[in-house]
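Note: the block below is query.pdb and it holds PDB, C-alpha atoms.
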ATOM      1  CA  MET A   1      89.990  88.146 129.084  1.00  0.00           C
ATOM      2  CA  LYS A   2      92.478  88.542 131.909  1.00  0.00           C
ATOM      3  CA  ASN A   3      96.169  88.996 131.327  1.00  0.00           C
ATOM      4  CA  ARG A   4      99.407  88.970 133.306  1.00  0.00           C
ATOM      5  CA  ILE A   5     101.357  91.425 131.189  1.00  0.00           C
ATOM      6  CA  ARG A   6     101.914  93.883 134.004  1.00  0.00           C
ATOM      7  CA  VAL A   7     103.276  91.123 136.252  1.00  0.00           C
ATOM      8  CA  GLU A   8     105.468  89.639 133.527  1.00  0.00           C
ATOM      9  CA  ARG A   9     106.720  93.086 132.658  1.00  0.00           C
ATOM     10  CA  ALA A  10     107.540  93.843 136.283  1.00  0.00           C
ATOM     11  CA  GLU A  11     109.448  90.566 136.620  1.00  0.00           C
ATOM     12  CA  LEU A  12     111.670  91.541 133.707  1.00  0.00           C
ATOM     13  CA  GLY A  13     111.857  95.144 134.937  1.00  0.00           C
ATOM     14  CA  LEU A  14     110.509  96.514 131.651  1.00  0.00           C
ATOM     15  CA  THR A  15     108.405  99.648 131.212  1.00  0.00           C
ATOM     16  CA  GLN A  16     105.368  99.733 128.901  1.00  0.00           C
ATOM     17  CA  GLU A  17     107.450 101.842 126.539  1.00  0.00           C
ATOM     18  CA  GLN A  18     110.197  99.217 126.384  1.00  0.00           C
ATOM     19  CA  VAL A  19     107.749  96.350 125.820  1.00  0.00           C
ATOM     20  CA  ALA A  20     106.035  98.400 123.101  1.00  0.00           C
ATOM     21  CA  GLU A  21     109.332  99.097 121.386  1.00  0.00           C
ATOM     22  CA  LYS A  22     110.417  95.441 121.471  1.00  0.00           C
ATOM     23  CA  ILE A  23     107.252  94.152 119.831  1.00  0.00           C
ATOM     24  CA  GLY A  24     106.649  97.084 117.517  1.00  0.00           C
ATOM     25  CA  VAL A  25     103.469  98.721 118.827  1.00  0.00           C
ATOM     26  CA  SER A  26     102.720 102.008 120.604  1.00  0.00           C
ATOM     27  CA  ARG A  27     102.969 102.321 124.379  1.00  0.00           C
ATOM     28  CA  GLN A  28      99.285 103.206 124.478  1.00  0.00           C
ATOM     29  CA  THR A  29      98.434  99.835 122.972  1.00  0.00           C
ATOM     30  CA  ILE A  30     100.339  97.982 125.698  1.00  0.00           C
ATOM     31  CA  ASN A  31      98.545 100.159 128.241  1.00  0.00           C
ATOM     32  CA  ALA A  32      95.141  99.353 126.687  1.00  0.00           C
ATOM     33  CA  ILE A  33      95.912  95.607 126.666  1.00  0.00           C
ATOM     34  CA  GLU A  34      97.052  95.701 130.318  1.00  0.00           C
ATOM     35  CA  LYS A  35      93.848  97.472 131.314  1.00  0.00           C
ATOM     36  CA  GLY A  36      91.769  94.894 129.439  1.00  0.00           C
ATOM     37  CA  LYS A  37      90.372  97.529 127.064  1.00  0.00           C
ATOM     38  CA  TYR A  38      91.833  95.839 124.019  1.00  0.00           C
ATOM     39  CA  ALA A  39      92.244  92.155 123.099  1.00  0.00           C
ATOM     40  CA  PRO A  40      95.386  91.847 120.947  1.00  0.00           C
ATOM     41  CA  SER A  41      95.608  89.875 117.702  1.00  0.00           C
ATOM     42  CA  VAL A  42      97.095  86.368 117.756  1.00  0.00           C
ATOM     43  CA  VAL A  43     100.317  87.732 116.237  1.00  0.00           C
ATOM     44  CA  LEU A  44     100.675  90.336 118.969  1.00  0.00           C
ATOM     45  CA  ALA A  45      99.834  87.812 121.707  1.00  0.00           C
ATOM     46  CA  LEU A  46     102.493  85.456 120.334  1.00  0.00           C
ATOM     47  CA  LYS A  47     105.046  88.264 120.227  1.00  0.00           C
ATOM     48  CA  LEU A  48     104.276  89.168 123.861  1.00  0.00           C
ATOM     49  CA  ALA A  49     104.572  85.505 124.900  1.00  0.00           C
ATOM     50  CA  ARG A  50     107.923  85.164 123.123  1.00  0.00           C
ATOM     51  CA  LEU A  51     109.207  88.342 124.755  1.00  0.00           C
ATOM     52  CA  PHE A  52     108.301  87.026 128.215  1.00  0.00           C
ATOM     53  CA  GLY A  53     109.525  83.487 127.398  1.00  0.00           C
ATOM     54  CA  LYS A  54     106.096  81.995 128.163  1.00  0.00           C
ATOM     55  CA  GLN A  55     103.221  80.281 126.366  1.00  0.00           C
ATOM     56  CA  VAL A  56     100.343  82.506 125.269  1.00  0.00           C
ATOM     57  CA  ASP A  57      97.939  80.901 127.744  1.00  0.00           C
ATOM     58  CA  ASP A  58     100.383  81.570 130.591  1.00  0.00           C
ATOM     59  CA  ILE A  59      99.806  85.257 129.892  1.00  0.00           C
ATOM     60  CA  PHE A  60      96.216  85.449 128.645  1.00  0.00           C
ATOM     61  CA  GLU A  61      93.309  83.718 130.306  1.00  0.00           C
ATOM     62  CA  LEU A  62      89.674  83.478 129.249  1.00  0.00           C
ATOM     63  CA  GLU A  63      87.036  84.657 131.704  1.00  0.00           C
ATOM     64  CA  ALA A  64      83.481  83.356 132.151  1.00  0.00           C
ATOM     65  CA  GLU A  65      81.916  86.083 129.984  1.00  0.00           C
ATOM     66  CA  ASP A  66      84.280  85.406 127.035  1.00  0.00           C
TER      67      ASP A  66
ATOM     68  CA  MET B   1     101.121  96.167 110.713  1.00  0.00           C
ATOM     69  CA  ASN B   2      99.432  96.194 107.322  1.00  0.00           C
ATOM     70  CA  THR B   3      98.403  99.755 106.521  1.00  0.00           C
ATOM     71  CA  ARG B   4      98.560  99.780 102.740  1.00  0.00           C
ATOM     72  CA  ASN B   5      95.259 101.632 102.482  1.00  0.00           C
ATOM     73  CA  LEU B   6      96.636 104.581 104.413  1.00  0.00           C
ATOM     74  CA  LEU B   7      98.668 107.545 103.184  1.00  0.00           C
ATOM     75  CA  PRO B   8     102.015 108.726 104.572  1.00  0.00           C
ATOM     76  CA  HIS B   9     101.809 110.605 107.879  1.00  0.00           C
ATOM     77  CA  SER B  10     103.612 113.658 106.480  1.00  0.00           C
ATOM     78  CA  TRP B  11     100.778 114.342 104.018  1.00  0.00           C
ATOM     79  CA  ARG B  12      98.398 115.259 106.842  1.00  0.00           C
ATOM     80  CA  LYS B  13      99.742 118.827 107.123  1.00  0.00           C
ATOM     81  CA  VAL B  14      98.926 119.422 103.452  1.00  0.00           C
ATOM     82  CA  GLY B  15      95.473 117.976 104.172  1.00  0.00           C
ATOM     83  CA  TRP B  16      94.826 120.525 106.937  1.00  0.00           C
ATOM     84  CA  ILE B  17      95.864 123.376 104.606  1.00  0.00           C
ATOM     85  CA  PHE B  18      93.525 122.142 101.816  1.00  0.00           C
ATOM     86  CA  LEU B  19      90.736 121.557 104.317  1.00  0.00           C
ATOM     87  CA  THR B  20      91.064 125.021 105.854  1.00  0.00           C
ATOM     88  CA  ILE B  21      91.012 126.783 102.478  1.00  0.00           C
ATOM     89  CA  GLY B  22      88.130 124.552 101.334  1.00  0.00           C
ATOM     90  CA  LEU B  23      86.161 125.276 104.516  1.00  0.00           C
ATOM     91  CA  VAL B  24      86.593 129.042 104.184  1.00  0.00           C
ATOM     92  CA  LEU B  25      85.465 128.912 100.537  1.00  0.00           C
ATOM     93  CA  GLY B  26      82.624 126.534 101.433  1.00  0.00           C
ATOM     94  CA  LEU B  27      81.347 128.907 104.122  1.00  0.00           C
ATOM     95  CA  LEU B  28      81.552 131.846 101.700  1.00  0.00           C
ATOM     96  CA  PHE B  29      79.394 129.848  99.257  1.00  0.00           C
ATOM     97  CA  LEU B  30      76.976 128.881 102.010  1.00  0.00           C
ATOM     98  CA  PHE B  31      76.471 132.537 102.965  1.00  0.00           C
ATOM     99  CA  GLU B  32      76.581 133.670  99.326  1.00  0.00           C
ATOM    100  CA  SER B  33      79.324 136.149 100.075  1.00  0.00           C
ATOM    101  CA  SER B  34      80.181 138.835  97.528  1.00  0.00           C
ATOM    102  CA  ILE B  35      83.878 138.157  98.112  1.00  0.00           C
ATOM    103  CA  LEU B  36      83.439 135.155  95.809  1.00  0.00           C
ATOM    104  CA  ASP B  37      82.870 137.394  92.753  1.00  0.00           C
ATOM    105  CA  ALA B  38      86.249 138.975  93.302  1.00  0.00           C
ATOM    106  CA  ILE B  39      88.165 135.707  93.547  1.00  0.00           C
ATOM    107  CA  ASP B  40      86.189 133.610  91.075  1.00  0.00           C
ATOM    108  CA  VAL B  41      88.061 131.552  88.496  1.00  0.00           C
ATOM    109  CA  HIS B  42      86.618 131.760  84.976  1.00  0.00           C
ATOM    110  CA  CYS B  43      86.986 128.721  82.807  1.00  0.00           C
ATOM    111  CA  LYS B  44      84.744 126.385  80.822  1.00  0.00           C
ATOM    112  CA  MET B  45      85.120 122.740  81.746  1.00  0.00           C
ATOM    113  CA  PRO B  46      84.595 119.685  79.566  1.00  0.00           C
ATOM    114  CA  ALA B  47      81.240 118.260  80.693  1.00  0.00           C
ATOM    115  CA  LEU B  48      80.213 114.623  80.525  1.00  0.00           C
ATOM    116  CA  MET B  49      76.632 115.753  81.105  1.00  0.00           C
ATOM    117  CA  THR B  50      75.097 119.169  81.476  1.00  0.00           C
ATOM    118  CA  ASP B  51      71.561 120.541  81.622  1.00  0.00           C
ATOM    119  CA  ASP B  52      69.578 123.561  82.624  1.00  0.00           C
ATOM    120  CA  VAL B  53      66.095 124.245  83.916  1.00  0.00           C
ATOM    121  CA  PHE B  54      64.718 124.656  80.403  1.00  0.00           C
ATOM    122  CA  THR B  55      67.031 122.424  78.369  1.00  0.00           C
ATOM    123  CA  ASP B  56      67.483 118.681  78.011  1.00  0.00           C
ATOM    124  CA  ILE B  57      70.605 116.884  79.090  1.00  0.00           C
ATOM    125  CA  GLU B  58      73.551 117.278  76.702  1.00  0.00           C
ATOM    126  CA  PHE B  59      76.440 114.826  76.659  1.00  0.00           C
ATOM    127  CA  PHE B  60      80.161 115.365  76.005  1.00  0.00           C
ATOM    128  CA  THR B  61      80.130 119.115  75.599  1.00  0.00           C
ATOM    129  CA  LEU B  62      81.449 122.172  77.424  1.00  0.00           C
ATOM    130  CA  SER B  63      79.947 123.366  80.686  1.00  0.00           C
ATOM    131  CA  LYS B  64      77.480 126.221  80.281  1.00  0.00           C
ATOM    132  CA  LYS B  65      78.629 128.145  83.329  1.00  0.00           C
ATOM    133  CA  ASP B  66      81.864 130.051  83.280  1.00  0.00           C
ATOM    134  CA  SER B  67      83.000 129.757  86.888  1.00  0.00           C
ATOM    135  CA  ILE B  68      84.817 126.884  88.557  1.00  0.00           C
ATOM    136  CA  LEU B  69      85.432 128.210  92.067  1.00  0.00           C
ATOM    137  CA  ASP B  70      82.741 125.921  93.520  1.00  0.00           C
ATOM    138  CA  GLU B  71      84.335 122.913  91.772  1.00  0.00           C
ATOM    139  CA  ILE B  72      87.716 123.915  93.183  1.00  0.00           C
ATOM    140  CA  THR B  73      86.131 124.191  96.647  1.00  0.00           C
ATOM    141  CA  VAL B  74      84.682 120.675  96.450  1.00  0.00           C
ATOM    142  CA  VAL B  75      88.010 119.211  95.289  1.00  0.00           C
ATOM    143  CA  LEU B  76      89.962 121.045  98.019  1.00  0.00           C
ATOM    144  CA  LEU B  77      87.520 119.918 100.718  1.00  0.00           C
ATOM    145  CA  THR B  78      87.459 116.313  99.522  1.00  0.00           C
ATOM    146  CA  VAL B  79      91.225 115.955  99.110  1.00  0.00           C
ATOM    147  CA  GLY B  80      91.690 117.726 102.453  1.00  0.00           C
ATOM    148  CA  LEU B  81      89.275 115.358 104.219  1.00  0.00           C
ATOM    149  CA  VAL B  82      90.982 112.292 102.733  1.00  0.00           C
ATOM    150  CA  LEU B  83      94.478 113.513 103.630  1.00  0.00           C
ATOM    151  CA  VAL B  84      93.479 114.404 107.186  1.00  0.00           C
ATOM    152  CA  GLY B  85      91.343 111.294 107.717  1.00  0.00           C
ATOM    153  CA  PHE B  86      93.381 108.574 106.063  1.00  0.00           C
ATOM    154  CA  THR B  87      97.021 109.289 106.839  1.00  0.00           C
ATOM    155  CA  ARG B  88      99.004 106.960 109.076  1.00  0.00           C
ATOM    156  CA  GLU B  89      99.607 107.830 112.701  1.00  0.00           C
ATOM    157  CA  ARG B  90     103.215 108.345 113.721  1.00  0.00           C
ATOM    158  CA  HIS B  91     103.198 105.004 115.561  1.00  0.00           C
ATOM    159  CA  GLU B  92     100.580 103.042 113.664  1.00  0.00           C
ATOM    160  CA  ASP B  93      99.559  99.674 115.151  1.00  0.00           C
ATOM    161  CA  GLU B  94      96.616  97.276 115.329  1.00  0.00           C
ATOM    162  CA  TYR B  95      94.855  98.995 118.247  1.00  0.00           C
ATOM    163  CA  ILE B  96      94.922 102.315 116.421  1.00  0.00           C
ATOM    164  CA  ALA B  97      93.618 100.544 113.296  1.00  0.00           C
ATOM    165  CA  GLN B  98      90.712  99.234 115.368  1.00  0.00           C
ATOM    166  CA  LEU B  99      89.963 102.691 116.803  1.00  0.00           C
ATOM    167  CA  ARG B 100      89.988 104.058 113.249  1.00  0.00           C
ATOM    168  CA  LEU B 101      87.540 101.389 112.090  1.00  0.00           C
ATOM    169  CA  GLU B 102      85.214 101.966 115.054  1.00  0.00           C
ATOM    170  CA  SER B 103      85.243 105.718 114.406  1.00  0.00           C
ATOM    171  CA  LEU B 104      84.443 105.169 110.729  1.00  0.00           C
ATOM    172  CA  VAL B 105      81.514 102.860 111.525  1.00  0.00           C
ATOM    173  CA  TRP B 106      80.174 105.335 114.110  1.00  0.00           C
ATOM    174  CA  ALA B 107      80.471 108.242 111.647  1.00  0.00           C
ATOM    175  CA  THR B 108      78.633 106.236 108.978  1.00  0.00           C
ATOM    176  CA  TYR B 109      75.737 105.465 111.337  1.00  0.00           C
ATOM    177  CA  VAL B 110      75.434 109.078 112.505  1.00  0.00           C
ATOM    178  CA  ASN B 111      75.632 110.404 108.955  1.00  0.00           C
ATOM    179  CA  LEU B 112      72.937 108.028 107.732  1.00  0.00           C
ATOM    180  CA  ALA B 113      70.753 109.024 110.698  1.00  0.00           C
ATOM    181  CA  LEU B 114      71.284 112.692 109.762  1.00  0.00           C
ATOM    182  CA  ILE B 115      70.270 111.934 106.165  1.00  0.00           C
ATOM    183  CA  VAL B 116      67.055 110.258 107.357  1.00  0.00           C
ATOM    184  CA  CYS B 117      66.266 113.111 109.783  1.00  0.00           C
ATOM    185  CA  SER B 118      66.948 115.750 107.116  1.00  0.00           C
ATOM    186  CA  THR B 119      64.699 113.926 104.653  1.00  0.00           C
ATOM    187  CA  LEU B 120      61.904 113.796 107.206  1.00  0.00           C
ATOM    188  CA  PHE B 121      62.204 117.289 108.618  1.00  0.00           C
ATOM    189  CA  ILE B 122      63.713 119.588 105.974  1.00  0.00           C
ATOM    190  CA  TYR B 123      61.629 120.730 103.002  1.00  0.00           C
ATOM    191  CA  GLY B 124      62.114 122.967 100.008  1.00  0.00           C
ATOM    192  CA  PRO B 125      65.284 123.915  98.095  1.00  0.00           C
ATOM    193  CA  VAL B 126      67.317 124.127 101.325  1.00  0.00           C
ATOM    194  CA  TYR B 127      66.991 120.317 101.469  1.00  0.00           C
ATOM    195  CA  LEU B 128      69.306 120.061  98.445  1.00  0.00           C
ATOM    196  CA  THR B 129      71.903 122.267 100.122  1.00  0.00           C
ATOM    197  CA  VAL B 130      71.756 120.132 103.263  1.00  0.00           C
ATOM    198  CA  MET B 131      72.034 116.937 101.195  1.00  0.00           C
ATOM    199  CA  VAL B 132      75.133 118.163  99.371  1.00  0.00           C
ATOM    200  CA  VAL B 133      76.797 118.785 102.729  1.00  0.00           C
ATOM    201  CA  LEU B 134      75.596 115.468 104.171  1.00  0.00           C
ATOM    202  CA  LEU B 135      76.591 113.399 101.170  1.00  0.00           C
ATOM    203  CA  TYR B 136      80.217 114.264 100.909  1.00  0.00           C
ATOM    204  CA  PHE B 137      81.268 116.292 103.906  1.00  0.00           C
ATOM    205  CA  THR B 138      79.750 115.291 107.247  1.00  0.00           C
ATOM    206  CA  GLN B 139      80.645 111.602 107.267  1.00  0.00           C
ATOM    207  CA  MET B 140      84.378 112.239 106.881  1.00  0.00           C
ATOM    208  CA  SER B 141      84.211 115.222 109.283  1.00  0.00           C
ATOM    209  CA  LEU B 142      82.430 113.156 111.934  1.00  0.00           C
ATOM    210  CA  PHE B 143      84.938 110.345 111.412  1.00  0.00           C
ATOM    211  CA  ILE B 144      87.902 112.712 111.761  1.00  0.00           C
ATOM    212  CA  ILE B 145      86.492 114.307 114.937  1.00  0.00           C
ATOM    213  CA  LYS B 146      85.629 110.935 116.522  1.00  0.00           C
ATOM    214  CA  PHE B 147      88.999 109.403 115.664  1.00  0.00           C
ATOM    215  CA  ARG B 148      90.997 112.433 116.810  1.00  0.00           C
ATOM    216  CA  VAL B 149      89.102 112.411 120.130  1.00  0.00           C
ATOM    217  CA  ALA B 150      89.863 108.677 120.503  1.00  0.00           C
ATOM    218  CA  MET B 151      93.549 109.321 119.764  1.00  0.00           C
ATOM    219  CA  TYR B 152      93.618 112.238 122.207  1.00  0.00           C
ATOM    220  CA  ARG B 153      92.135 110.043 124.943  1.00  0.00           C
ATOM    221  CA  LEU B 154      94.596 107.281 124.092  1.00  0.00           C
ATOM    222  CA  ASN B 155      97.583 109.579 124.324  1.00  0.00           C
ATOM    223  CA  ARG B 156      96.286 111.103 127.532  1.00  0.00           C
ATOM    224  CA  SER B 157      95.867 107.702 129.196  1.00  0.00           C
ATOM    225  CA  ARG B 158      99.081 108.084 131.149  1.00  0.00           C
ATOM    226  CA  ASN B 159      99.614 104.665 132.512  1.00  0.00           C
ATOM    227  CA  GLU B 160     100.268 103.525 135.997  1.00  0.00           C
ATOM    228  CA  GLU B 161     103.673 102.067 135.176  1.00  0.00           C
TER     229      GLU B 161
END
How does this structure look as structure tokens?
Amino acid sequence: MKNRIRVERAELGLTQEQVAEKIGVSRQTINAIEKGKYAPSVVLALKLARLFGKQVDDIFELEAED
Amino acid sequence: MNTRNLLPHSWRKVGWIFLTIGLVLGLLFLFESSILDAIDVHCKMPALMTDDVFTDIEFFTLSKKDSILDEITVVLLTVGLVLVGFTRERHEDEYIAQLRLESLVWATYVNLALIVCSTLFIYGPVYLTVMVVLLYFTQMSLFIIKFRVAMYRLNRSRNEE
């Protein structure tokens, strides 16, 4: 699964720490999601989408192997 | 994040203290140290079941032996392992919960493999000693080591902001 969190974050000028704080997870978790090491739960994906003012599938995208 | 099965983070320090004392006592027992005679605790315990080499099992009586230091050691080690292994992280979240689960599954596999290997390759009374260690100590220890390594790696993964 690909994601655009880093881009969305950069557009809002937020650090990983700030995003983590706003949605109530650790910075390491945001880092792991950005790197594609961890696929977040639906709840977390929805929280990220709401923070960035986008739909979930604007941020997360399935890849061929998913 | 739902973490109702986990204990408060602050209890972990107590866990390390219990675990350290338990480990020292456990090693003394393993090497049959004479220090144990000096610090032994004498007390008869109520026994649900008790037996001996030459006697049948007796129910609901008092223990025949008059020393409970080994029981204390087992309790200290077990409580220590639980407090160290199952306390919340400072910033608990779903990714950490997943790492914890993966570590626990890995530790269970390795422990079961160790039990099979010990059964196949260890013979005689020493097998019982090994089994005691494998049945209540190694799984949690392996889990704690694996999970702490995962957490260390996670914290070290300084991001490219």
Inset, instruction - Translate the ChimeraX specification (/A :<8) & /B, as applied to the file shown, into an explicit residue set as a ChimeraX atom specification. - result: /B:91-96,154-155,157,159,161
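Closest to B:Thr129 among B:Val41, B:Phe29, B:Trp16, B:Ser34 is B:Phe29, based on only C-alpha atoms.
The gap separating atom CA of B:Phe31 from atom CA of B:Val149 is 29.3 Å, in Å to one decimal.
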Inset, instruction - Choose the residue, out of B:Leu30, B:Met131, B:Leu114, B:Leu104, that has the smallest atom-to-atom separation from B:Ala150; count only C-alpha atoms. - result: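 Selected residue with least distance to B:Ala150: B:Leu104.
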Inset, instruction - For each of B:Leu77, B:Gln98, B:Phe143, B:Leu128, take the minimum atom-to-atom distance to B:Val110, counting all atoms listed in the file, then give the residue where this is smallest. - result: B:Phe143
Inset, instruction - Enter the distance from atom CA of A:Lys47 to atom CA of B:Arg88, in Å, rounded to one decimal. - result: 22.6 Å
Residues at most 10 Å from B:Leu142, counting only C-alpha atoms, excluding those fewer than 2 positions away in the same chain, as a short mmCIF file (atom, residue, chain, number, x, y, z; two decimals) with C-alpha atoms, in the coordinates of the input?
data_model
loop_
_atom_site.label_atom_id
_atom_site.label_comp_id
_atom_site.auth_asym_id
_atom_site.auth_seq_id
_atom_site.Cartn_x
_atom_site.Cartn_y
_atom_site.Cartn_z
CA SER B 103 85.24 105.72 114.41
CA LEU B 104 84.44 105.17 110.73
CA TRP B 106 80.17 105.34 114.11
CA ALA B 107 80.47 108.24 111.65
CA THR B 108 78.63 106.24 108.98
CA VAL B 110 75.43 109.08 112.50
CA ASN B 111 75.63 110.40 108.96
CA PHE B 137 81.27 116.29 103.91
CA THR B 138 79.75 115.29 107.25
CA GLN B 139 80.64 111.60 107.27
CA MET B 140 84.38 112.24 106.88
CA ILE B 144 87.90 112.71 111.76
CA ILE B 145 86.49 114.31 114.94
CA LYS B 146 85.63 110.94 116.52
CA PHE B 147 89.00 109.40 115.66
CA ARG B 148 91.00 112.43 116.81
#
Legend entry - Top pick for closest residue to B:Met45, considering B:Leu27, B:Ile72, B:Leu112, B:Ile122 and counting all atoms listed in the file: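 That would be B:Ile72, the residue with the smallest distance to B:Met45.
For the pair atom CA of A:Gly36 and atom CA of B:Arg90, the interatomic distance is 23.6 Å.
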Inset, instruction - Go through the shown structure with the PyMOL selection byres ((chain B and resi 54-66) around 9) and write out the matching residues as a PyMOL selection string. - result: chain B and resi 41-53+67-68
Legend entry - Spatial sel., origin (83.0, 120.5, 94.1), limit 12 Å, only C-alpha atoms, listed as a list of chain:residue names: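 Using only C-alpha atoms, the matching residues come out as B:Gly22, B:Leu23, B:Leu25, B:Gly26, B:Phe29, B:Ser67, B:Ile68, B:Leu69, B:Asp70, B:Glu71, B:Ile72, B:Thr73, B:Val74, B:Val75, B:Leu76, B:Leu77, B:Thr78, B:Val79, B:Val132, B:Val133, B:Leu135, B:Tyr136, B:Phe137.
Of the listed residues (A:Ala20, A:Val56, A:Met1, A:Leu62), A:Val56 comes nearest to A:Val43; the distances count only C-alpha atoms.
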Inset, instruction - Kindly provide, as a VMD selection string, the polymer residues lying within 10 Å of (100.1, 83.8, 125.8), counting all atoms listed in the file and using the coordinates exactly as they appear in the file. - result: chain A and resid 3 to 5 42 44 to 50 52 to 61
Which centre and edge lengths in Å to one decimal define the box along x, y and z that fits every listed atom of stretch 11-18 of chain A plus 4 Å per side, as JSON?
{"center_x": 108.6, "center_y": 96.2, "center_z": 131.5, "size_x": 14.5, "size_y": 19.3, "size_z": 18.2}
